[in-house]
2 protein chains.
Amino acid sequence: MTPLVDRLAIAGVGLVGGSLGLAVREAGLAREVVGFGRGAENLEIARRRGLVDRATRDAAEAVRDADVVVLAAPLGACAALAATLRPHARRGAVLTDVGSAKAEIVPALERAWAGVGPVVGGHPIAGSETSGAAAARADLFRGHRCILTPTTTTDRAALARVRALWEGVGARVEETSPEAHDRILAYVSHLPHLVAYALAAMAGDATVEGRAALDWAGTGFRDTTRIAGSPPALWRDVALANAAAVGAALDAFRAALEEIEGRLAAGDGPGLEATLARGRDARRRLDRS
Amino acid sequence: MTPLVDRLAIAGVGLVGGSLGLAVREAGLAREVVGFGRGAENLEIARRRGLVDRATRDAAEAVRDADVVVLAAPLGACAALAATLRPHARRGAVLTDVGSAKAEIVPALERAWAGVGPVVGGHPIAGSETSGAAAARADLFRGHRCILTPTTTTDRAALARVRALWEGVGARVEETSPEAHDRILAYVSHLPHLVAYALAAMAGDATVEGRAALDWAGTGFRDTTRIAGSPPALWRDVALANAAAVGAALDAFRAALEEIEGRLAAGDGPGLEATLARGRDARRRLDRS
């Protein structure tokens, strides 16, 4: 059987890029997976762990004859990365990405890749606060959603190919516009990350009678702030690339928090319980889904 | 060897009370553990699972000849529960509790138990969003902190006995004033719970182009809001019993969030990264501890 992709180039062999490489190799979806990155040490880990067939720090070598190129670098670096790869890309090569915000980056990639080949925005909703090739695993995407964000100009054959790639590594692919993607992710990912960072910073600063508040943090606090262990540069990029939608989610969050605060200040037990129950019910819907 | 406690009465055989009973029985810390509660079904689970030696819905039967009585009911019910048990308590019986807020409840229990015996406020920092006797486990407290909150009038022998009980089930006991306890817990537990409820409610309400935002929640959101699955009545009680300290923590959290928001609105990448890094650093300190 002919593999789905002949030569797959992955630019950025971290947790997501490395996991994709490993999963693609294990599923036999590409004849060859080439990893591109700047860090020699990380590339060596990727090669040694078999996340890629070949690893290189040379842009020309990385994308030469690649029919699909995946950008798996931090969001803020992707447009420049595409411009770096472009002169070496084969005509018709499909460019896709894994960024957590899409409305800004998809048009930027379309501009950077114009005259080369089609662009398909993508976002696998999988990850963890870990990073680097050492953290990659073949099952990272299995059972998780991957959102593709075609625009009116997106090439349908390229879209189908990128969809098949993600489905091939076990993801449940859905499609939406870049704008709708960003508004949804602001609510369930981008703002929650900022909230976790703020909670961790607040508690980290707090001392009472000389004792650090953090000393008495339990498993609840650990879970609630786990994603604050994520690389700050990564979420800086995402927040800046989706500032308007994050701002809207922040307004909605603040309103929910103020409802709690108001009932607490009023000593309104039944009202407070009802408000908390709304959150509990939402969380339960998530457990059932 | 004489056990530490002759007859231990546990009022409220849920996750915490039931786990304490099981751990005490497994460690042989009491000659007999008696469980008291209102729900016949839950008591039957507790009895069948061996969390207690005996289970009863009768207050007199529950505390008769008990030398230590543990209140493990929701915080808001504890003062009334102590008053219910009081007429049947043996003179000298030690009363302790497991409530998550202490400054309000400890004096209330001291009043309710006056003339009976000593009171020692306690709070094992262990738990989960699950509840009921079915969720109890013997190792719930192992390696976790248990904070005891003596006041100037607390009986030292009773304090030592309650300490030995918690140490006997594997907890790391620390002591502080009820007020300091409540201020610390507001930062690392009470406010984080309210934030998790608010996040879950906010995301639960959000729809974009007819799609529920919650549909695309990933593991990060699940972790961040896990504690929003906790019983609302329980955290209503805690928040109301610690409203001032929760308010102070909320102000500090809001300030941390506003710092992020301000840098985001200004498009200040380096500043935003530095702010997020403060949260990440605090979270890492927690991982190392």
# chains A, B, ... in the order shown; residues from 1 in each chain; ligands from 1
>>> residues_around(residues="A:Thr225", least_positions_apart="6", cutoff="12 Å", atoms="only C-alpha atoms", output="PDB file with N, CA, C and O atoms, in the first residue's frame")
ATOM      1  N   GLU A 129       1.820  19.652  30.228  1.00  0.00           N
ATOM      2  CA  GLU A 129       2.720  20.730  30.608  1.00  0.00           C
ATOM      3  C   GLU A 129       4.171  20.343  30.339  1.00  0.00           C
ATOM      4  O   GLU A 129       5.073  21.158  30.522  1.00  0.00           O
ATOM      5  N   PRO A 192      -8.262  29.513  30.662  1.00  0.00           N
ATOM      6  CA  PRO A 192      -7.881  28.643  31.795  1.00  0.00           C
ATOM      7  C   PRO A 192      -6.372  28.586  32.043  1.00  0.00           C
ATOM      8  O   PRO A 192      -5.940  28.522  33.195  1.00  0.00           O
ATOM      9  N   HIS A 193      -5.571  28.641  30.989  1.00  0.00           N
ATOM     10  CA  HIS A 193      -4.122  28.690  31.219  1.00  0.00           C
ATOM     11  C   HIS A 193      -3.742  29.970  31.965  1.00  0.00           C
ATOM     12  O   HIS A 193      -2.988  29.931  32.938  1.00  0.00           O
ATOM     13  N   LEU A 194      -4.255  31.111  31.516  1.00  0.00           N
ATOM     14  CA  LEU A 194      -3.915  32.373  32.180  1.00  0.00           C
ATOM     15  C   LEU A 194      -4.387  32.366  33.632  1.00  0.00           C
ATOM     16  O   LEU A 194      -3.688  32.847  34.530  1.00  0.00           O
ATOM     17  N   VAL A 195      -5.556  31.803  33.865  1.00  0.00           N
ATOM     18  CA  VAL A 195      -6.086  31.711  35.235  1.00  0.00           C
ATOM     19  C   VAL A 195      -5.172  30.835  36.103  1.00  0.00           C
ATOM     20  O   VAL A 195      -4.890  31.169  37.256  1.00  0.00           O
ATOM     21  N   ALA A 196      -4.716  29.734  35.539  1.00  0.00           N
ATOM     22  CA  ALA A 196      -3.826  28.841  36.306  1.00  0.00           C
ATOM     23  C   ALA A 196      -2.511  29.544  36.638  1.00  0.00           C
ATOM     24  O   ALA A 196      -2.009  29.439  37.766  1.00  0.00           O
ATOM     25  N   TYR A 197      -1.952  30.264  35.660  1.00  0.00           N
ATOM     26  CA  TYR A 197      -0.731  31.038  35.945  1.00  0.00           C
ATOM     27  C   TYR A 197      -0.990  32.062  37.054  1.00  0.00           C
ATOM     28  O   TYR A 197      -0.167  32.238  37.955  1.00  0.00           O
ATOM     29  N   ALA A 198      -2.136  32.755  36.974  1.00  0.00           N
ATOM     30  CA  ALA A 198      -2.450  33.784  37.975  1.00  0.00           C
ATOM     31  C   ALA A 198      -2.646  33.170  39.359  1.00  0.00           C
ATOM     32  O   ALA A 198      -2.167  33.710  40.361  1.00  0.00           O
ATOM     33  N   LEU A 199      -3.322  32.026  39.414  1.00  0.00           N
ATOM     34  CA  LEU A 199      -3.531  31.344  40.704  1.00  0.00           C
ATOM     35  C   LEU A 199      -2.199  30.923  41.312  1.00  0.00           C
ATOM     36  O   LEU A 199      -1.956  31.112  42.504  1.00  0.00           O
ATOM     37  N   ALA A 200      -1.339  30.348  40.484  1.00  0.00           N
ATOM     38  CA  ALA A 200      -0.053  29.871  40.991  1.00  0.00           C
ATOM     39  C   ALA A 200       0.801  31.046  41.464  1.00  0.00           C
ATOM     40  O   ALA A 200       1.429  30.987  42.527  1.00  0.00           O
ATOM     41  N   ALA A 201       0.800  32.142  40.685  1.00  0.00           N
ATOM     42  CA  ALA A 201       1.589  33.319  41.069  1.00  0.00           C
ATOM     43  C   ALA A 201       1.061  33.915  42.369  1.00  0.00           C
ATOM     44  O   ALA A 201       1.832  34.255  43.273  1.00  0.00           O
ATOM     45  N   MET A 202      -0.260  34.031  42.474  1.00  0.00           N
ATOM     46  CA  MET A 202      -0.888  34.592  43.676  1.00  0.00           C
ATOM     47  C   MET A 202      -0.533  33.765  44.903  1.00  0.00           C
ATOM     48  O   MET A 202      -0.060  34.290  45.915  1.00  0.00           O
ATOM     49  N   ALA A 203      -0.726  32.452  44.821  1.00  0.00           N
ATOM     50  CA  ALA A 203      -0.432  31.588  45.974  1.00  0.00           C
ATOM     51  C   ALA A 203       1.069  31.545  46.258  1.00  0.00           C
ATOM     52  O   ALA A 203       1.492  31.466  47.413  1.00  0.00           O
ATOM     53  N   GLY A 204       1.864  31.625  45.184  1.00  0.00           N
ATOM     54  CA  GLY A 204       3.314  31.597  45.353  1.00  0.00           C
ATOM     55  C   GLY A 204       3.837  32.803  46.113  1.00  0.00           C
ATOM     56  O   GLY A 204       4.861  32.722  46.802  1.00  0.00           O
ATOM     57  N   LEU A 214       1.996  28.119  49.868  1.00  0.00           N
ATOM     58  CA  LEU A 214       2.189  26.981  48.976  1.00  0.00           C
ATOM     59  C   LEU A 214       2.526  25.683  49.728  1.00  0.00           C
ATOM     60  O   LEU A 214       2.274  24.588  49.218  1.00  0.00           O
ATOM     61  N   ALA A 217      -0.483  23.481  50.079  1.00  0.00           N
ATOM     62  CA  ALA A 217      -1.291  23.196  48.891  1.00  0.00           C
ATOM     63  C   ALA A 217      -1.514  21.692  48.786  1.00  0.00           C
ATOM     64  O   ALA A 217      -0.579  20.912  48.967  1.00  0.00           O
ATOM     65  N   GLY A 218      -2.732  21.306  48.511  1.00  0.00           N
ATOM     66  CA  GLY A 218      -3.062  19.889  48.382  1.00  0.00           C
ATOM     67  C   GLY A 218      -3.217  19.471  46.926  1.00  0.00           C
ATOM     68  O   GLY A 218      -2.849  20.212  46.019  1.00  0.00           O
ATOM     69  N   THR A 219      -3.771  18.296  46.724  1.00  0.00           N
ATOM     70  CA  THR A 219      -3.899  17.776  45.356  1.00  0.00           C
ATOM     71  C   THR A 219      -4.833  18.638  44.517  1.00  0.00           C
ATOM     72  O   THR A 219      -4.635  18.764  43.316  1.00  0.00           O
TER      73      THR A 219
ATOM     74  N   VAL B 188      -4.727  28.634  48.937  1.00  0.00           N
ATOM     75  CA  VAL B 188      -4.366  27.396  48.223  1.00  0.00           C
ATOM     76  C   VAL B 188      -5.506  26.392  48.107  1.00  0.00           C
ATOM     77  O   VAL B 188      -5.324  25.344  47.480  1.00  0.00           O
ATOM     78  N   SER B 189      -6.653  26.719  48.668  1.00  0.00           N
ATOM     79  CA  SER B 189      -7.758  25.764  48.542  1.00  0.00           C
ATOM     80  C   SER B 189      -9.112  26.443  48.324  1.00  0.00           C
ATOM     81  O   SER B 189      -9.786  26.174  47.333  1.00  0.00           O
ATOM     82  N   PRO B 192      -9.146  28.756  45.113  1.00  0.00           N
ATOM     83  CA  PRO B 192      -9.034  27.887  43.923  1.00  0.00           C
ATOM     84  C   PRO B 192     -10.307  27.072  43.634  1.00  0.00           C
ATOM     85  O   PRO B 192     -10.656  26.877  42.467  1.00  0.00           O
ATOM     86  N   HIS B 193     -10.998  26.638  44.673  1.00  0.00           N
ATOM     87  CA  HIS B 193     -12.265  25.946  44.416  1.00  0.00           C
ATOM     88  C   HIS B 193     -13.273  26.889  43.754  1.00  0.00           C
ATOM     89  O   HIS B 193     -13.910  26.526  42.767  1.00  0.00           O
ATOM     90  N   VAL B 195     -12.686  29.514  42.020  1.00  0.00           N
ATOM     91  CA  VAL B 195     -12.209  29.801  40.656  1.00  0.00           C
ATOM     92  C   VAL B 195     -12.553  28.639  39.721  1.00  0.00           C
ATOM     93  O   VAL B 195     -12.992  28.841  38.584  1.00  0.00           O
ATOM     94  N   ALA B 196     -12.378  27.425  40.195  1.00  0.00           N
ATOM     95  CA  ALA B 196     -12.692  26.261  39.359  1.00  0.00           C
ATOM     96  C   ALA B 196     -14.183  26.198  39.045  1.00  0.00           C
ATOM     97  O   ALA B 196     -14.582  25.929  37.898  1.00  0.00           O
ATOM     98  N   GLY B 220      -6.152  19.699  29.938  1.00  0.00           N
ATOM     99  CA  GLY B 220      -5.804  20.856  30.751  1.00  0.00           C
ATOM    100  C   GLY B 220      -7.031  21.421  31.450  1.00  0.00           C
ATOM    101  O   GLY B 220      -7.032  21.644  32.657  1.00  0.00           O
ATOM    102  N   PHE B 221      -8.086  21.616  30.685  1.00  0.00           N
ATOM    103  CA  PHE B 221      -9.319  22.144  31.278  1.00  0.00           C
ATOM    104  C   PHE B 221      -9.891  21.166  32.298  1.00  0.00           C
ATOM    105  O   PHE B 221     -10.387  21.560  33.349  1.00  0.00           O
ATOM    106  N   ARG B 222      -9.823  19.887  31.977  1.00  0.00           N
ATOM    107  CA  ARG B 222     -10.341  18.877  32.913  1.00  0.00           C
ATOM    108  C   ARG B 222      -9.608  18.933  34.248  1.00  0.00           C
ATOM    109  O   ARG B 222     -10.233  18.879  35.302  1.00  0.00           O
ATOM    110  N   ASP B 223      -8.290  19.030  34.196  1.00  0.00           N
ATOM    111  CA  ASP B 223      -7.524  19.107  35.442  1.00  0.00           C
ATOM    112  C   ASP B 223      -7.841  20.383  36.206  1.00  0.00           C
ATOM    113  O   ASP B 223      -8.042  20.363  37.420  1.00  0.00           O
ATOM    114  N   THR B 224      -7.857  21.490  35.465  1.00  0.00           N
ATOM    115  CA  THR B 224      -8.036  22.791  36.097  1.00  0.00           C
ATOM    116  C   THR B 224      -9.382  22.884  36.810  1.00  0.00           C
ATOM    117  O   THR B 224      -9.505  23.573  37.822  1.00  0.00           O
ATOM    118  N   THR B 225     -10.375  22.201  36.284  1.00  0.00           N
ATOM    119  CA  THR B 225     -11.722  22.299  36.865  1.00  0.00           C
ATOM    120  C   THR B 225     -12.142  21.038  37.618  1.00  0.00           C
ATOM    121  O   THR B 225     -13.293  20.935  38.022  1.00  0.00           O
ATOM    122  N   ARG B 226     -11.228  20.106  37.818  1.00  0.00           N
ATOM    123  CA  ARG B 226     -11.613  18.849  38.483  1.00  0.00           C
ATOM    124  C   ARG B 226     -12.312  19.105  39.811  1.00  0.00           C
ATOM    125  O   ARG B 226     -13.350  18.508  40.112  1.00  0.00           O
ATOM    126  N   ILE B 227     -11.776  20.029  40.610  1.00  0.00           N
ATOM    127  CA  ILE B 227     -12.360  20.256  41.935  1.00  0.00           C
ATOM    128  C   ILE B 227     -13.730  20.939  41.874  1.00  0.00           C
ATOM    129  O   ILE B 227     -14.422  20.985  42.881  1.00  0.00           O
ATOM    130  N   GLY B 279       4.175  32.627  37.595  1.00  0.00           N
ATOM    131  CA  GLY B 279       3.250  31.546  37.944  1.00  0.00           C
ATOM    132  C   GLY B 279       3.891  30.186  37.718  1.00  0.00           C
ATOM    133  O   GLY B 279       3.779  29.286  38.545  1.00  0.00           O
ATOM    134  N   ARG B 280       4.587  30.059  36.603  1.00  0.00           N
ATOM    135  CA  ARG B 280       5.259  28.788  36.298  1.00  0.00           C
ATOM    136  C   ARG B 280       6.293  28.460  37.378  1.00  0.00           C
ATOM    137  O   ARG B 280       6.381  27.306  37.848  1.00  0.00           O
ATOM    138  N   ASP B 281       7.053  29.462  37.807  1.00  0.00           N
ATOM    139  CA  ASP B 281       8.068  29.231  38.841  1.00  0.00           C
ATOM    140  C   ASP B 281       7.438  28.777  40.160  1.00  0.00           C
ATOM    141  O   ASP B 281       7.964  27.884  40.833  1.00  0.00           O
ATOM    142  N   ALA B 282       6.318  29.404  40.516  1.00  0.00           N
ATOM    143  CA  ALA B 282       5.625  29.006  41.748  1.00  0.00           C
ATOM    144  C   ALA B 282       5.160  27.555  41.624  1.00  0.00           C
ATOM    145  O   ALA B 282       5.310  26.754  42.545  1.00  0.00           O
ATOM    146  N   ARG B 283       4.616  27.223  40.456  1.00  0.00           N
ATOM    147  CA  ARG B 283       4.130  25.856  40.249  1.00  0.00           C
ATOM    148  C   ARG B 283       5.268  24.846  40.318  1.00  0.00           C
ATOM    149  O   ARG B 283       5.101  23.733  40.826  1.00  0.00           O
ATOM    150  N   ARG B 284       6.427  25.235  39.835  1.00  0.00           N
ATOM    151  CA  ARG B 284       7.588  24.327  39.887  1.00  0.00           C
ATOM    152  C   ARG B 284       8.061  24.121  41.314  1.00  0.00           C
ATOM    153  O   ARG B 284       8.493  23.032  41.667  1.00  0.00           O
ATOM    154  N   LEU B 286       6.245  23.948  43.791  1.00  0.00           N
ATOM    155  CA  LEU B 286       5.296  22.980  44.327  1.00  0.00           C
ATOM    156  C   LEU B 286       5.685  21.559  43.894  1.00  0.00           C
ATOM    157  O   LEU B 286       5.602  20.613  44.681  1.00  0.00           O
ATOM    158  N   ASP B 287       6.110  21.411  42.680  1.00  0.00           N
ATOM    159  CA  ASP B 287       6.516  20.083  42.184  1.00  0.00           C
ATOM    160  C   ASP B 287       7.749  19.568  42.904  1.00  0.00           C
ATOM    161  O   ASP B 287       7.904  18.364  43.097  1.00  0.00           O
TER     162      ASP B 287
END
>>> residues_around(residues="B:Val34", least_positions_apart="3", cutoff="9 Å", atoms="only C-alpha atoms", output="ChimeraX atom specification")
/B:7-11,21,52-56,61-63,66
>>> select_by_dssp(residues="stretch 5-245 of chain A", states="helix (DSSP H, G or I)", output="ChimeraX atom specification")
/A:15-27,40-48,59-63,75-88,105-112,133-135,156-168,178-205,213-216,219-224,226-229,232-241,243-245
>>> closest_residue(among="A:Leu240, A:Val68, A:Ala266, A:Ile45", to="A:Asp182", atoms="only C-alpha atoms")
A:Leu240
>>> residues_around(residues="B:Pro270", least_positions_apart="4", cutoff="12 Å", atoms="only C-alpha atoms", output="VMD selection string")
(chain A and resid 232 to 233 235 to 237 240) or (chain B and resid 260 263 to 264 266 274 to 277)
>>> select_by_dssp(residues="stretch 85-216 of chain A", states="strand (DSSP E)", output="ChimeraX atom specification")
/A:94-97,119-120,122-124,145-148,172-175,207-208,211-212
>>> residues_around(residues="A:Ala72", least_positions_apart="2", cutoff="6 Å", atoms="only C-alpha atoms", output="list in words")
Ala11, Gly12, Gly17 and Val98 of chain A
>>> write_last_selection(atoms="N, CA, C and O atoms", output="PDB file, in the first residue's frame")
ATOM      1  N   ALA A  11       8.703  20.465  11.369  1.00  0.00           N
ATOM      2  CA  ALA A  11       9.584  21.547  11.835  1.00  0.00           C
ATOM      3  C   ALA A  11       9.260  21.826  13.292  1.00  0.00           C
ATOM      4  O   ALA A  11       8.220  22.406  13.618  1.00  0.00           O
ATOM      5  N   GLY A  12      10.146  21.394  14.176  1.00  0.00           N
ATOM      6  CA  GLY A  12       9.888  21.501  15.616  1.00  0.00           C
ATOM      7  C   GLY A  12       9.547  20.133  16.160  1.00  0.00           C
ATOM      8  O   GLY A  12       8.420  19.668  16.030  1.00  0.00           O
ATOM      9  N   GLY A  17       5.236  17.829  17.910  1.00  0.00           N
ATOM     10  CA  GLY A  17       5.882  17.416  16.667  1.00  0.00           C
ATOM     11  C   GLY A  17       6.516  16.024  16.789  1.00  0.00           C
ATOM     12  O   GLY A  17       6.410  15.193  15.876  1.00  0.00           O
ATOM     13  N   VAL A  98       0.158  23.148  13.971  1.00  0.00           N
ATOM     14  CA  VAL A  98      -0.502  22.567  15.143  1.00  0.00           C
ATOM     15  C   VAL A  98      -0.814  23.637  16.198  1.00  0.00           C
ATOM     16  O   VAL A  98      -1.061  23.325  17.362  1.00  0.00           O
TER      17      VAL A  98
END
>>> atom_distance(atom1="atom CA of B:Arg183", atom2="atom CA of B:Leu95")
23.4 Å
>>> decode(residues="stretch 126-234 of chain A", atoms="C-alpha atoms", output="PDB file, in the first residue's frame")
ATOM      1  CA  ALA A 126      -3.700  17.165  23.133  1.00  0.00           C
ATOM      2  CA  GLY A 127      -0.640  17.960  25.094  1.00  0.00           C
ATOM      3  CA  SER A 128       0.577  18.378  28.594  1.00  0.00           C
ATOM      4  CA  GLU A 129       2.720  20.730  30.608  1.00  0.00           C
ATOM      5  CA  THR A 130       5.768  18.696  29.572  1.00  0.00           C
ATOM      6  CA  SER A 131       7.784  19.607  26.517  1.00  0.00           C
ATOM      7  CA  GLY A 132      10.585  18.454  24.270  1.00  0.00           C
ATOM      8  CA  ALA A 133      11.311  15.306  22.269  1.00  0.00           C
ATOM      9  CA  ALA A 134      11.889  13.383  25.499  1.00  0.00           C
ATOM     10  CA  ALA A 135       8.204  13.829  26.412  1.00  0.00           C
ATOM     11  CA  ALA A 136       6.845  12.637  23.024  1.00  0.00           C
ATOM     12  CA  ARG A 137       4.604   9.588  22.911  1.00  0.00           C
ATOM     13  CA  ALA A 138       2.917   7.722  20.084  1.00  0.00           C
ATOM     14  CA  ASP A 139      -0.539   7.787  21.687  1.00  0.00           C
ATOM     15  CA  LEU A 140      -0.650  11.527  22.448  1.00  0.00           C
ATOM     16  CA  PHE A 141      -3.417  12.167  19.902  1.00  0.00           C
ATOM     17  CA  ARG A 142      -5.362   8.919  20.228  1.00  0.00           C
ATOM     18  CA  GLY A 143      -8.995   9.631  21.043  1.00  0.00           C
ATOM     19  CA  HIS A 144      -8.361  13.365  21.223  1.00  0.00           C
ATOM     20  CA  ARG A 145      -9.866  15.943  18.933  1.00  0.00           C
ATOM     21  CA  CYS A 146      -7.905  17.599  16.180  1.00  0.00           C
ATOM     22  CA  ILE A 147      -9.555  20.721  14.808  1.00  0.00           C
ATOM     23  CA  LEU A 148      -8.858  21.681  11.193  1.00  0.00           C
ATOM     24  CA  THR A 149      -9.688  25.241  10.220  1.00  0.00           C
ATOM     25  CA  PRO A 150     -10.247  25.509   6.473  1.00  0.00           C
ATOM     26  CA  THR A 151     -11.088  28.872   4.939  1.00  0.00           C
ATOM     27  CA  THR A 152     -13.066  29.516   1.756  1.00  0.00           C
ATOM     28  CA  THR A 153      -9.850  29.255  -0.240  1.00  0.00           C
ATOM     29  CA  THR A 154      -8.482  26.064   1.353  1.00  0.00           C
ATOM     30  CA  ASP A 155      -7.596  23.340  -1.150  1.00  0.00           C
ATOM     31  CA  ARG A 156     -10.028  20.443  -0.587  1.00  0.00           C
ATOM     32  CA  ALA A 157      -7.568  17.696  -1.539  1.00  0.00           C
ATOM     33  CA  ALA A 158      -4.967  19.058   0.873  1.00  0.00           C
ATOM     34  CA  LEU A 159      -7.605  19.303   3.592  1.00  0.00           C
ATOM     35  CA  ALA A 160      -8.575  15.655   3.039  1.00  0.00           C
ATOM     36  CA  ARG A 161      -4.946  14.602   3.204  1.00  0.00           C
ATOM     37  CA  VAL A 162      -4.240  16.424   6.467  1.00  0.00           C
ATOM     38  CA  ARG A 163      -7.463  14.990   7.876  1.00  0.00           C
ATOM     39  CA  ALA A 164      -6.343  11.463   6.921  1.00  0.00           C
ATOM     40  CA  LEU A 165      -2.981  12.071   8.574  1.00  0.00           C
ATOM     41  CA  TRP A 166      -4.573  13.021  11.927  1.00  0.00           C
ATOM     42  CA  GLU A 167      -7.165  10.266  11.704  1.00  0.00           C
ATOM     43  CA  GLY A 168      -4.304   7.886  10.989  1.00  0.00           C
ATOM     44  CA  VAL A 169      -2.712   8.722  14.362  1.00  0.00           C
ATOM     45  CA  GLY A 170      -6.018   8.202  16.156  1.00  0.00           C
ATOM     46  CA  ALA A 171      -7.382  11.744  16.421  1.00  0.00           C
ATOM     47  CA  ARG A 172     -11.068  12.624  16.021  1.00  0.00           C
ATOM     48  CA  VAL A 173     -10.991  15.325  13.365  1.00  0.00           C
ATOM     49  CA  GLU A 174     -13.490  18.198  13.297  1.00  0.00           C
ATOM     50  CA  GLU A 175     -13.601  21.277  11.086  1.00  0.00           C
ATOM     51  CA  THR A 176     -14.508  24.848  11.808  1.00  0.00           C
ATOM     52  CA  SER A 177     -13.489  28.362  10.810  1.00  0.00           C
ATOM     53  CA  PRO A 178     -10.294  29.779  12.354  1.00  0.00           C
ATOM     54  CA  GLU A 179     -12.398  32.433  14.118  1.00  0.00           C
ATOM     55  CA  ALA A 180     -14.852  29.987  15.705  1.00  0.00           C
ATOM     56  CA  HIS A 181     -11.924  27.789  16.760  1.00  0.00           C
ATOM     57  CA  ASP A 182     -10.272  30.693  18.514  1.00  0.00           C
ATOM     58  CA  ARG A 183     -13.394  31.809  20.322  1.00  0.00           C
ATOM     59  CA  ILE A 184     -14.046  28.285  21.635  1.00  0.00           C
ATOM     60  CA  LEU A 185     -10.455  27.628  22.640  1.00  0.00           C
ATOM     61  CA  ALA A 186     -10.295  30.960  24.484  1.00  0.00           C
ATOM     62  CA  TYR A 187     -13.001  29.609  26.823  1.00  0.00           C
ATOM     63  CA  VAL A 188     -11.712  26.088  27.376  1.00  0.00           C
ATOM     64  CA  SER A 189      -7.957  26.471  27.025  1.00  0.00           C
ATOM     65  CA  HIS A 190      -6.405  29.913  26.594  1.00  0.00           C
ATOM     66  CA  LEU A 191      -8.135  31.690  29.468  1.00  0.00           C
ATOM     67  CA  PRO A 192      -7.881  28.643  31.795  1.00  0.00           C
ATOM     68  CA  HIS A 193      -4.122  28.690  31.219  1.00  0.00           C
ATOM     69  CA  LEU A 194      -3.915  32.373  32.180  1.00  0.00           C
ATOM     70  CA  VAL A 195      -6.086  31.711  35.235  1.00  0.00           C
ATOM     71  CA  ALA A 196      -3.826  28.841  36.306  1.00  0.00           C
ATOM     72  CA  TYR A 197      -0.731  31.038  35.945  1.00  0.00           C
ATOM     73  CA  ALA A 198      -2.450  33.784  37.975  1.00  0.00           C
ATOM     74  CA  LEU A 199      -3.531  31.344  40.704  1.00  0.00           C
ATOM     75  CA  ALA A 200      -0.053  29.871  40.991  1.00  0.00           C
ATOM     76  CA  ALA A 201       1.589  33.319  41.069  1.00  0.00           C
ATOM     77  CA  MET A 202      -0.888  34.592  43.676  1.00  0.00           C
ATOM     78  CA  ALA A 203      -0.432  31.588  45.974  1.00  0.00           C
ATOM     79  CA  GLY A 204       3.314  31.597  45.353  1.00  0.00           C
ATOM     80  CA  ASP A 205       3.540  35.144  46.682  1.00  0.00           C
ATOM     81  CA  ALA A 206       1.380  34.552  49.756  1.00  0.00           C
ATOM     82  CA  THR A 207       2.886  34.091  53.193  1.00  0.00           C
ATOM     83  CA  VAL A 208       1.052  34.031  56.504  1.00  0.00           C
ATOM     84  CA  GLU A 209       2.953  34.423  59.765  1.00  0.00           C
ATOM     85  CA  GLY A 210       6.159  33.594  57.925  1.00  0.00           C
ATOM     86  CA  ARG A 211       4.800  30.410  56.379  1.00  0.00           C
ATOM     87  CA  ALA A 212       4.581  30.079  52.596  1.00  0.00           C
ATOM     88  CA  ALA A 213       0.960  29.368  51.657  1.00  0.00           C
ATOM     89  CA  LEU A 214       2.189  26.981  48.976  1.00  0.00           C
ATOM     90  CA  ASP A 215       3.468  24.646  51.718  1.00  0.00           C
ATOM     91  CA  TRP A 216      -0.084  23.601  52.451  1.00  0.00           C
ATOM     92  CA  ALA A 217      -1.291  23.196  48.891  1.00  0.00           C
ATOM     93  CA  GLY A 218      -3.062  19.889  48.382  1.00  0.00           C
ATOM     94  CA  THR A 219      -3.899  17.776  45.356  1.00  0.00           C
ATOM     95  CA  GLY A 220      -6.756  20.092  44.402  1.00  0.00           C
ATOM     96  CA  PHE A 221      -4.420  23.057  44.021  1.00  0.00           C
ATOM     97  CA  ARG A 222      -1.892  20.902  42.198  1.00  0.00           C
ATOM     98  CA  ASP A 223      -4.460  19.802  39.637  1.00  0.00           C
ATOM     99  CA  THR A 224      -5.950  23.257  39.236  1.00  0.00           C
ATOM    100  CA  THR A 225      -2.556  24.802  38.501  1.00  0.00           C
ATOM    101  CA  ARG A 226      -0.901  21.894  36.645  1.00  0.00           C
ATOM    102  CA  ILE A 227      -1.051  23.729  33.307  1.00  0.00           C
ATOM    103  CA  ALA A 228       0.799  26.674  34.868  1.00  0.00           C
ATOM    104  CA  GLY A 229       3.841  24.428  34.499  1.00  0.00           C
ATOM    105  CA  SER A 230       3.624  24.950  30.721  1.00  0.00           C
ATOM    106  CA  PRO A 231       6.273  27.052  28.938  1.00  0.00           C
ATOM    107  CA  PRO A 232       5.350  30.754  29.402  1.00  0.00           C
ATOM    108  CA  ALA A 233       6.607  31.725  25.933  1.00  0.00           C
ATOM    109  CA  LEU A 234       4.174  29.311  24.352  1.00  0.00           C
TER     110      LEU A 234
END
